[in-house]
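Colleague: Please read through the structure below; I'll follow up with questions.
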Amino acid sequence: MPKLTFTRCCTRAALMSLLMLMSLSQARAGTAFVHLFEWSWPDIAQECEDFLGPKGFDAVQISPPQEHVAGTYWWTRYQPVSFTNLTSRSGTEAELQDMIDRCHAAGVKIYADVVMNNWGSWQDDGNYGSGGDYWAPWSYPDLSASDFHSSCTISDYTNAEDVWYCGLYGMPDLDTSASYAQSYAATYLQKLSNMGVDGFRIDAAKHMRPSEINSILSQAGSPWVFLEVIGASGEASEIQPDQYTYMGLVTEFAYGTAVAGNFNNQIKYLGELGTDWGLLNSSSALVFIDNHDRERGHGGSGNLNYTDGATYNLANVYMLAYPYGYPKVMSGYAFTDTDAGPPSTGPQSCANGEWVCQHRWGNIANMVGFRNATVDAWSVDNWWDNDNNAIAFGRGALGFVFINNESYTVSQSLYTGLPAGEYCDILRGEDECSGTVISVDSSGYASFSVDAYSASAIHVEAMADGSSDDGSTDDSGDDDSFTSNFSTLYFRGTANSWGSTAMTLVADNTWQATITFDGEGDDSGDQRFKFDLYADWASNYGDNDADGYLDLTGADISTDVVGEYLVTVNDSDLSYSLTAVSTDDTDDDSTDTTVYAQSFSSLYARGTFNDWGCTALSLTADNTWTLDIAFDGSSDSSGSQRYKVDLYCDWSTNYGDNNSDGYLDQTGADIYTSVTGTYTLTVNDSTLAYSLE
């Protein structure tokens, strides 16, 4: 996941110049994306330009881009042959690059599906891969038998070691604990990142030890990822979703089955969906109504799919309206044989009937715009239901949706919470404003009449007169104006006794305030802060998982910085940062400048050498922390001389080394050393490499 970045700078003028040059190196999950399953690279490029960009899709997930075994089945894409050859069923490396560039130009990110551990074994179509390379099981262009685990087939899912070290259906299982295998996989991810891929889906993540995946990701530059972990009940606790969330989002398979179960019975309970249903925290969950496995009944059952018609459509409307997780829309092709690969003809704008193209269904596509328009109101408001199969709810003062899963028309006057005006019912036509108009009166009420198995939705960015009412005070006619999603923003924390310090809009979507931190907390805890839209706590933002991105009503943000800092918030992607502002005036009136990039805000060494206390490391170069430690070779009552590193000196985020490979693993094993004398401990907080010299 992206990390909160702290930099050190000199004057405010230099600081502003630096901020203009800074950019995020990792993708940030937006509001909704689509999986164009088995589409070719040229067809995806065209779809980005013609449809996905204009409709506001955040990203597109593509099928695995590496060379794979030959064959017409869909799953041949999931049996790699080479990570260096990027010719696949979807096209050549040149076509892949062209697709990435064209989708980016259309404002659409690319997430690549990545298969790391299960390698090619199916040979009915011969031993030449999609890119022309010769291969055989356990022997590939860049890998030999020594790079894989022993030949065994998973037989016991209650035993994590069996799942991690044996092959799925007997396929060769890459030894992701080995340094060469890790480097090989990391180089592949880095190559795709260098081509412009914005993030990755890690296929079959539960079949790899979390620390080994994390080591590969660290070597690849810590890209944005989401991990496929099914979370089946009765399986080993070590392969459950919560063991993988520290690296990125995790697929919440239980979400799709829960939504399907309600739409097949009663939907009146769906306003309560969340962690109380046994689901992951919203900030950790990647959700879907179905995916390429579940629509085929693979890996479990209980999901809706395109053959369920109107019910499937309404379930997607609900997913895109309800504030939980990062939603993925499935879009594939029609099939009766669950092993069948894609049609021989391309989707041709989804008009040939062989491709289902769920993402182009009017209700689904237009609800992406609804989610984009309501992302700043991450709450369910003004809930209504008929105690059965019709529900309605709002998203603050930004949008309102009515879903009718009854077999008859439901009519109701409801309080929406929206400003008075004439709104387009975005679900009554292919274009948002090609259907009926719904009037919201001065009291916030509107009358709905929704046909059986249909839905209506309105939001402030689709007004009948072509305007938008998003609450922004920006004057676009003013040369000095800036685009913003917030009308106001305030800093509140222990630094100002939880008062309200107004932040200033200094560039498009960029708010700043200079805050003096003294390192002190208050009666309730350590030094911390939040952001508040209206200085009344009604819409406030914290950070639930300390990833450098704000969450509505999120947890207090803790920090141990001391001094004057420029606090910056981007109200588009909800990233935030603290940048130290310091001046060191020398005798010649010049200013000494030191600028170090860092991913950690602090770092401490703890071990037998200091009785497991906390000794701070110093940031001495970009992403580089150092500390001189006097080792005496002594141990403690629990074992030999050893140590770990700890971000906040509270064990909440600590690092060890599970496989003694010189790379840190979060919550990893103690690091043992037999050295005696003074050694310099060096930690790179970008690659997580460490050394003693």
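Letters for chains follow the order of the structure tokens (A, B, ...), residue numbers begin at 1 for each chain, and ligand numbers begin at 1 in the order shown.
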Please identify all polymer residues within 8 Å of Gln219 (chain A), counting only C-alpha atoms, omitting same-chain residues fewer than 5 positions from it, and present them as a list in words.
Modeller: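 Once the adjacent positions are removed, what remains is Ser183, Ala186 and Thr687 of chain A.
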Colleague: Would you list the contacts of Tyr73 (chain A) as a PyMOL selection string, taking every protein, DNA or RNA residue within 7 Å and counting only C-alpha atoms, but skipping same-chain residues closer than 3 positions in sequence?
Modeller: chain A and resi 76+339-341
Colleague: Print the selection's residues with N, CA and C atoms to a file, as a short mmCIF file (atom, residue, chain, number, x, y, z; two decimals), in the first residue's frame.
Modeller:
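Listed below is the output, out-v6.cif:
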```cif
data_model
loop_
_atom_site.label_atom_id
_atom_site.label_comp_id
_atom_site.auth_asym_id
_atom_site.auth_seq_id
_atom_site.Cartn_x
_atom_site.Cartn_y
_atom_site.Cartn_z
N THR A 76 -5.78 -21.54 -19.60
CA THR A 76 -4.40 -21.62 -20.09
C THR A 76 -3.65 -20.32 -19.83
N ASP A 339 -15.15 -24.28 -19.22
CA ASP A 339 -13.73 -24.23 -19.55
C ASP A 339 -13.45 -23.42 -20.81
N ALA A 340 -14.48 -23.03 -21.53
CA ALA A 340 -14.31 -22.42 -22.84
C ALA A 340 -13.55 -21.10 -22.76
N GLY A 341 -12.67 -20.92 -23.71
CA GLY A 341 -11.94 -19.67 -23.84
C GLY A 341 -12.78 -18.62 -24.55
#
```
Colleague: Please list as a ChimeraX atom specification every residue within 12 Å of Asp543 (chain A), counting only C-alpha atoms and excluding residues in the same chain fewer than 3 positions away.
Modeller: /A:3-4,283,528-531,540,546-559,574-577
